[in-house]
Structures are given as C-alpha cells and as structure tokens.
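Engineer: Have a look at the structure that comes next, please.
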There are 2 protein chains.
Amino acid sequence: MKKALVLLSGGLDSATTLAIARAQGFACHCISFDYGQRHRAELAAARRVAANLGAVEFRVLRFDLAQLGGSALTDASIEIPTGGVQPGIPSTYVPARNTIMLSLALAWAEILDCRDIFIGINALDYSGYPDCRPEYLAAFERMANLATRAAVEGAPFSFHAPLIDCTKAQIVQRGVALGVDYSITVSCYQADGEGRACGVCDACRLRRNGFSAAGIPDPTPYFSA
Amino acid sequence: MKKALVLLSGGLDSATTLAIARAQGFACHCISFDYGQRHRAELAAARRVAANLGAVEFRVLRFDLAQLGGSALTDASIEIPTGGVQPGIPSTYVPARNTIMLSLALAWAEILDCRDIFIGINALDYSGYPDCRPEYLAAFERMANLATRAAVEGAPFSFHAPLIDCTKAQIVQRGVALGVDYSITVSCYQADGEGRACGVCDACRLRRNGFSAAGIPDPTPYFSA
C-alpha cells in the first residue's frame with residue numbers, strides 16, 4: 001500500500017482530505033502541529049479524526065510561533081474577528097504558517113520514504129490567506145524537489161490539494177459521501193476546551209454556510225448562537 | 001537603519017554572514033534553532049557570536065526533529081562519519097532542515113517587517129547537502145514571495161547567501177578582514193559541552209582546510225587531534 005502524509009488540523013477541510021486520500025488507497029500518516037494556537041481543541045479533534053478515518057499513524061509536532069506573536073491565533077491580546085468575512089487578509093493570518101507546516105511534513109515524508117503529501121487548503125470559500133492558493137503550493141513543490149535528498153536522487157514529491165477549487169458546500173458533500181463524521185471535527189478559531197464552536201468567527205461562518213448551501217444539517221456543537 | 005534577519009548556527013559560515021550583513025549597514029536580528037541536534041554547543045556559540053558582532057536581537061526557536069530521527073545529527077544511534085568528506089549526500093544530512101529554518105525565519109521576518117534574510121549556505125566547500133545550492137535558495141525565495149501577506153501586498157523578501165560561491169579559504173579571509181573572532185564559533189558535529197571540536201568530522205575537516213588554505217592560524221579549540 002502506497003504511503004501518504006496528510007496534514008491534519010482537526011477541521012472540516014483536512015478531515016475531508018484524509019478521507020479522499022484513504023479512498024484513493026493510501027496508507028495515511030497524519031501530522032498535526034502544536035504551534036501555540038489558542039484553539040488547541042483542534043489537536044484533540046485531529047487525533048479523533050485520524051482514528052476515525054483509519055490513519056496508520058498520528059503525530060503532533062511542535063514549533064514555537066507564540067513567542068513571535070503577530071497573529072490573532074497566537075497572541076491572546078488580539079481579538080478574533082467575529083463580524084463576518086471581509087475582503088483582504090484578516091488578523092487571523094499566521095505568518096508563514098503553511099510554509100512551516102509543509103516543511104516539517106516534508107521532513108517526515110522524506111524519513112518515511114513517502115512521496116505523496118496531502119493538504120486541505122482551499123482557495124474559494126476561504127479566509128484570504130496567501131498560502132492557500134494553487135500558485136503557492138506549486139512553488140512549494142518545486143522548492144521541495146530541490147531541497148531534499150529524495151528528490152535529488154530521482155523520486156520527487158507530489159503535493160496534493162484535492163479541495164483547492166471546491167466550494168465549502170462541495171467539500172461537505174464529498175466528505176459526507178465518504179463517511180466523514182463532521183461532528184468530531186473542530187474548525188472554530190476560539191473553540192472551547194470541549195471543542196464547541198463560537199459560530200461567528202470566519203472559520204465558523206464559512207463552515208456553517210457550507211452545510212447550509214449543501215442542504216446538510218450542521219452537526220457542529222456550538223457554545224453560543 | 002534597515003533590518004536584516006540572519007540565520008545563525010554558531011559556526012564559521014553564519015558568523016561570517018552576520019559580519020557581512022553588519023558591514024552592509026543592516027540592523028541584524030539573529031535566529032538560531034534548537035531542533036534536537038546533538039551538537040547543542042553551537043547554540044551557546046551562536047549567542048556569543050551575535051553579541052560579539054553587535055546583533056540587535058538574538059532568539060532561539062525550537063522545532064522537534066529528534067522525534068522523527070533520520071539523521072546522524074538528530075539520532076544518537078547513528079555515528080558521525082569521521083573518515084573524510086565523501087561524494088554524495090552524507091548521513092549528517094537532516095531532511096528539510098534549511099527549509100524548516102528558512103520558513104521559521106520567514107515568519108519572524110514578516111512579523112518584524114524585515115525584508116532581507118541572510119543565510120550562510122555555501123555550495124563549494126560543503127557537505128553535499130541539496131538545500132545549500134543556489135537553485136534551491138532561488139526556489140525558496142520565489143515560494144516565500146507567494147506565501148506571505150508582506151509579499152502579496154507588494155514588498156517582496158530577498159534572500160541573501162553572500163558565501164554561496166566562496167571557497168572556505170575565501171570565507172575565512174573575508175571574516176578575518178571584517179574582524180570575526182572564529183575562536184568563539186563552533187562548527188563541529190560532535191562538539192563537546194565546552195564547544196571544543198573533534199577535528200575529524202566533515203564540518204571540522206572543511207573548516208581546518210579553510211584556515212590552512214587561507215594561511216591563517218586555526219584558532220579552534222580541539223578535544224582531540
């Protein structure tokens with residue numbers, strides 16, 4: 001069975017991505033990141049999702065972004081915006097986050113002798129983060145294939161973003177068809193200790209709209225309406 | 001004064017790179033990485049070098065590669081080769097190391113509002129690591145300028161590798177001319193707790209040859225000949 005490395009945040013998109021990789025027949029090694037994010041409940045969700053969708057392995061790697069600050073997700077003194085998704089890049093943008101995560105994933109993939117890396121980024125119903133766009137991922141792949149022993153010795157890495165062009169409704173429909181249990185996932189930027197969602201941050205709004213547009217009941221536990 | 005972010009390992013190349021950035025008039029913020037490397041003495045050396053060369057700030061960021069293994073530098077059960085530099089990529093290669101370090105540096109640079117990032121990589125008298133080559137760094141820069149808010153909003157990052165084409169002898173000569181005190185730097189892969197070098201690992205051999213070819217006395221403290 002071919003190995004895949006799947007970046008798993010515990011949210012809706014990455015859970016769906018894992019289900020897609022499993023459906024394509026990959027043995028999935030999943031990686032989550034503890035980077036000082038305020039919504040740490042997503043790490044427990046990622047572990048549940050990995051087990052629920054039959055991953056062969058789940059690991060949490062740590063890196064220290066909270067010491068640098070610079071984002072509402074890593075600096076508790078910056079409030080999470082809850083007024084609705086605005087144009088432009090929001091304060092929840094974390095500098096270089098996907099680049100750091102993909103780099104650590106690349107290291108583990110090379111060690112595992114795995115050449116397929118899956119990430120649930122999406123450039124349609126998304127928060128405007130530059131590191132979620134297809135041109136970014138293509139540039140990362142090109143760089144990765146110059147960076148590593150594996151690639152230099154002739155076995156290049158492929159980065160898969162199967163949701164990159166999907167609406168949130170399409171993602172939900174695809175996941176439901178593959179048996180994803182979205183009630184155990186956590187997307188909220190300020191989820192409480194039990195993983196319950198606020199319902200009003202950008203991540204919650206995009207997710208709620210996705211269920212609504214897909215005509216599928218939203219199974220998310222909320223701590224407020 | 002324009003800000004630069006300088007990756008500092010505590011070794012000869014990165015100390016010289018910091019001296020070059022300072023000579024170009026940059027206010028230098030230095031970053032080192034604690035990634036579970038066995039030669040942790042380099043972190044103390046990096047702190048000394050930053051102070052000695054007038055950096056405005058020095059930080060150590062942690063990331064966890066030792067949990068993954070896969071390199072003689074992060075897995076104590078793999079011996080450091082000491083028989084001389086061989087063709088090909090050695091066991092001291094750390095998967096994706098420069099990519100992870102540059103990614104974390106990119107995050108900090110974006111937060112600092114700094115657009116110039118210096119790294120002491122060198123593709124001539126080096127250990128054969130793929131992530132030390134100019135084509136790698138160019139690909140990283142291109143990716144970084146698609147990844148970040150800073151770049152998307154029109155202020156791209158420049159990655160500087162002033163030593164990339166230099167021989168080790170040229171690096172030593174340049175550093176001495178700029179007043180670098182190499183006696184406080186640590187290059188050795190198995191330096192002891194006091195920062196003394198083995199003299200026979202690839203890093204030591206390349207460094208010794210550099211001083212010798214430059215006709216400059218080697219100030220390195222060794223624990224063996």
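Starting from 1 in every chain, residues are counted up; chains themselves are A, B, ... following the order of the structure tokens, and ligands are numbered from 1 as listed.
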Residues of range 14-176 of chain B in alpha helix (DSSP H) according to DSSP, as number ranges by chain?
Structural biologist: B: 14-23, 41-52, 97-112, 134-147, 149-152, 168-176
Engineer: I need the contact residues of chain B against chain A, so if you could list those with any atom within 8 Å, counting only C-alpha atoms, and return them as JSON, numbers by chain, that would help.
Structural biologist: {"B": [61, 62, 63, 64, 68, 69, 70, 89, 95, 96, 97, 99, 100, 103, 104, 106, 107, 108, 110, 111, 129, 130, 131, 135, 136, 139, 140, 142, 143, 146, 147, 148, 149, 152]}
Engineer: Would you write out those residues with N, CA, C and O atoms, as a short mmCIF file (atom, residue, chain, number, x, y, z; two decimals), in the first residue's frame?
Structural biologist:
data_model
loop_
_atom_site.label_atom_id
_atom_site.label_comp_id
_atom_site.auth_asym_id
_atom_site.auth_seq_id
_atom_site.Cartn_x
_atom_site.Cartn_y
_atom_site.Cartn_z
N LEU B 61 14.63 29.53 18.35
CA LEU B 61 13.32 28.91 18.13
C LEU B 61 13.50 27.40 18.14
O LEU B 61 14.48 26.87 17.65
N ARG B 62 12.48 26.75 18.70
CA ARG B 62 12.55 25.29 18.80
C ARG B 62 11.67 24.63 17.75
O ARG B 62 10.58 25.13 17.45
N PHE B 63 12.10 23.55 17.19
CA PHE B 63 11.20 22.65 16.47
C PHE B 63 11.73 21.25 16.68
O PHE B 63 12.89 21.04 17.02
N ASP B 64 10.85 20.30 16.50
CA ASP B 64 11.12 18.97 17.03
C ASP B 64 11.43 18.01 15.90
O ASP B 64 10.53 17.41 15.32
N LEU B 68 11.57 12.56 15.00
CA LEU B 68 11.48 11.89 13.69
C LEU B 68 12.75 11.11 13.34
O LEU B 68 12.69 10.14 12.59
N GLY B 69 13.90 11.55 13.86
CA GLY B 69 15.16 10.86 13.55
C GLY B 69 15.57 11.08 12.10
O GLY B 69 15.32 12.13 11.52
N GLY B 70 16.24 10.08 11.52
CA GLY B 70 16.56 10.14 10.10
C GLY B 70 17.86 10.84 9.75
O GLY B 70 18.18 11.01 8.58
N ILE B 89 25.50 12.57 -0.68
CA ILE B 89 24.88 13.20 0.49
C ILE B 89 25.17 12.35 1.71
O ILE B 89 24.83 11.17 1.74
N PRO B 95 16.85 15.87 6.94
CA PRO B 95 15.78 16.12 5.97
C PRO B 95 15.10 17.48 6.17
O PRO B 95 14.66 17.80 7.27
N ALA B 96 15.10 18.25 5.09
CA ALA B 96 14.36 19.53 5.03
C ALA B 96 14.81 20.58 6.05
O ALA B 96 14.11 21.55 6.30
N ARG B 97 16.02 20.40 6.62
CA ARG B 97 16.42 21.31 7.70
C ARG B 97 16.45 22.78 7.28
O ARG B 97 15.86 23.64 7.95
N THR B 99 14.98 24.18 4.87
CA THR B 99 13.62 24.60 4.50
C THR B 99 12.82 24.96 5.75
O THR B 99 12.12 25.98 5.78
N ILE B 100 12.93 24.16 6.79
CA ILE B 100 12.22 24.45 8.05
C ILE B 100 12.78 25.73 8.67
O ILE B 100 12.03 26.63 9.08
N SER B 103 11.77 28.77 6.77
CA SER B 103 10.34 29.03 6.94
C SER B 103 10.07 29.75 8.25
O SER B 103 9.27 30.70 8.30
N LEU B 104 10.72 29.30 9.32
CA LEU B 104 10.55 29.97 10.62
C LEU B 104 11.17 31.37 10.57
O LEU B 104 10.61 32.33 11.12
N LEU B 106 11.32 33.20 7.92
CA LEU B 106 10.37 33.98 7.12
C LEU B 106 9.23 34.50 7.99
O LEU B 106 8.83 35.67 7.88
N ALA B 107 8.72 33.64 8.86
CA ALA B 107 7.65 34.07 9.77
C ALA B 107 8.10 35.24 10.63
O ALA B 107 7.41 36.25 10.75
N TRP B 108 9.29 35.11 11.21
CA TRP B 108 9.77 36.18 12.09
C TRP B 108 10.05 37.45 11.30
O TRP B 108 9.75 38.57 11.75
N GLU B 110 8.58 38.46 8.62
CA GLU B 110 7.32 39.13 8.29
C GLU B 110 6.78 39.89 9.50
O GLU B 110 6.31 41.03 9.38
N ILE B 111 6.89 39.30 10.68
CA ILE B 111 6.42 39.95 11.91
C ILE B 111 7.26 41.20 12.22
O ILE B 111 6.73 42.22 12.67
N TYR B 129 24.94 18.84 0.85
CA TYR B 129 23.51 18.94 1.16
C TYR B 129 22.78 19.65 0.03
O TYR B 129 23.18 20.75 -0.38
N PRO B 130 21.67 19.05 -0.47
CA PRO B 130 20.97 19.69 -1.59
C PRO B 130 20.41 21.07 -1.25
O PRO B 130 20.30 21.93 -2.14
N ASP B 131 20.09 21.30 0.03
CA ASP B 131 19.49 22.58 0.41
C ASP B 131 20.54 23.65 0.73
O ASP B 131 20.29 24.59 1.47
N GLU B 135 20.19 27.15 -6.67
CA GLU B 135 18.87 26.92 -7.30
C GLU B 135 17.82 26.61 -6.24
O GLU B 135 16.64 26.94 -6.40
N TYR B 136 18.25 25.99 -5.14
CA TYR B 136 17.32 25.75 -4.03
C TYR B 136 16.89 27.08 -3.41
O TYR B 136 15.69 27.33 -3.22
N ALA B 139 14.47 29.03 -5.49
CA ALA B 139 13.12 28.45 -5.45
C ALA B 139 12.43 28.77 -4.12
O ALA B 139 11.22 29.01 -4.08
N PHE B 140 13.22 28.79 -3.03
CA PHE B 140 12.63 29.15 -1.73
C PHE B 140 12.14 30.60 -1.77
O PHE B 140 11.03 30.90 -1.30
N ARG B 142 11.19 32.40 -4.29
CA ARG B 142 10.01 32.52 -5.14
C ARG B 142 8.76 32.05 -4.36
O ARG B 142 7.72 32.70 -4.37
N MET B 143 8.90 30.92 -3.68
CA MET B 143 7.79 30.39 -2.88
C MET B 143 7.42 31.37 -1.77
O MET B 143 6.24 31.68 -1.56
N LEU B 146 5.19 34.16 -2.62
CA LEU B 146 3.78 33.82 -2.87
C LEU B 146 3.07 33.46 -1.57
O LEU B 146 1.85 33.39 -1.51
N ALA B 147 3.84 33.21 -0.50
CA ALA B 147 3.30 32.64 0.73
C ALA B 147 2.76 33.69 1.69
O ALA B 147 1.93 33.36 2.54
N THR B 148 3.27 34.90 1.60
CA THR B 148 3.14 35.83 2.72
C THR B 148 2.30 37.07 2.40
O THR B 148 2.22 37.52 1.27
N ARG B 149 1.72 37.61 3.44
CA ARG B 149 0.97 38.85 3.32
C ARG B 149 1.89 39.97 2.81
O ARG B 149 1.54 40.72 1.90
N VAL B 152 2.54 39.60 -0.89
CA VAL B 152 1.33 39.80 -1.69
C VAL B 152 0.97 41.28 -1.71
O VAL B 152 0.47 41.80 -2.70
#
Engineer: Leaving out Leu12 in chain B and any residue of its chain fewer than 5 positions from it, which residues lie within 10 Å of it when counting only C-alpha atoms, given as a ChimeraX atom specification?
Structural biologist: /B:17,49,120,168,171-172,175,180-187,203,207
Engineer: Restricting it to C-alpha atoms, dump the selection as a PDB file, in the first residue's frame.
Structural biologist:
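Once everything was written out, this is again_18.pdb:
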ATOM      1  CA  THR B  17      27.492  36.098   7.025  1.00  0.00           C
ATOM      2  CA  VAL B  49      28.696  35.449  18.022  1.00  0.00           C
ATOM      3  CA  GLY B 120      25.450  31.343   5.296  1.00  0.00           C
ATOM      4  CA  LYS B 168      36.207  28.017   2.719  1.00  0.00           C
ATOM      5  CA  ILE B 171      35.217  32.830   3.674  1.00  0.00           C
ATOM      6  CA  VAL B 172      37.895  32.800   6.396  1.00  0.00           C
ATOM      7  CA  GLY B 175      35.690  37.105   8.001  1.00  0.00           C
ATOM      8  CA  VAL B 180      35.250  37.931  13.103  1.00  0.00           C
ATOM      9  CA  ASP B 181      36.671  36.067  16.090  1.00  0.00           C
ATOM     10  CA  TYR B 182      36.492  32.470  14.909  1.00  0.00           C
ATOM     11  CA  SER B 183      37.736  31.141  18.234  1.00  0.00           C
ATOM     12  CA  ILE B 184      34.218  31.617  19.658  1.00  0.00           C
ATOM     13  CA  THR B 185      32.466  29.785  16.794  1.00  0.00           C
ATOM     14  CA  VAL B 186      31.587  26.055  16.773  1.00  0.00           C
ATOM     15  CA  SER B 187      31.315  24.087  13.514  1.00  0.00           C
ATOM     16  CA  ALA B 203      32.478  20.072   9.302  1.00  0.00           C
ATOM     17  CA  ARG B 207      36.952  24.250   8.389  1.00  0.00           C
TER      18      ARG B 207
END
Engineer: Quick check, in Å to one decimal: how far apart do CA of Arg38 in chain B and CA of Pro221 in chain B lie?
Structural biologist: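 Computed distance, CA of Arg38 in chain B to CA of Pro221 in chain B, equals 18.3 Å.
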Engineer: Among the residues of range 27-222 of chain A, find those DSSP assigns to strand (DSSP E) from the backbone and print them as a ChimeraX atom specification.
Structural biologist: /A:27-34,57-62,116-118,158-160
Engineer: Tell me, in Å to one decimal, how far CA of Gly84 in chain A is from CA of Arg205 in chain A.
Structural biologist: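 So the answer is 7.2 Å.
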Engineer: I'd like the contact shell of Ala197 in chain A - 8 Å cut-off, only C-alpha atoms, skipping same-chain residues fewer than 5 positions apart - returned as a ChimeraX atom specification.
Structural biologist: /A:186-188,190-192,204,220-224
Engineer: Tell me, in Å to one decimal, how far CA of Leu163 in chain B is from CA of Arg22 in chain B.
Structural biologist: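 For CA of Leu163 in chain B relative to CA of Arg22 in chain B, the distance reads 14.6 Å.
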Engineer: Just checking: using only C-alpha atoms, which residue out of A:Ala155, A:Phe26, A:Asp34, A:Ser14 ends up closest to Ala66 in chain A?
Structural biologist: A:Asp34
Engineer: Please identify all polymer residues within 7 Å of Ala46 in chain B, counting only C-alpha atoms, omitting same-chain residues fewer than 5 positions from it, and present them as a PyMOL selection string.
Structural biologist: chain B and resi 8-10+32
Engineer: Grab the residues selected above and save them as an mmCIF file, in the first residue's frame with C-alpha atoms.
Structural biologist:
data_model
loop_
_atom_site.group_PDB
_atom_site.id
_atom_site.type_symbol
_atom_site.label_atom_id
_atom_site.label_comp_id
_atom_site.auth_asym_id
_atom_site.auth_seq_id
_atom_site.Cartn_x
_atom_site.Cartn_y
_atom_site.Cartn_z
ATOM 1 C CA LEU B 8 22.994 31.947 12.883
ATOM 2 C CA SER B 9 24.191 28.419 13.628
ATOM 3 C CA GLY B 10 27.204 29.421 15.687
ATOM 4 C CA SER B 32 19.156 30.043 15.927
#
Engineer: With distances taken over only C-alpha atoms, which of A:Pro81, A:Gly195, A:Pro162, A:Pro217 is nearest to Leu43 in chain A?
Structural biologist: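 Looking at the shortest contact to Leu43 in chain A, the residue is A:Gly195.
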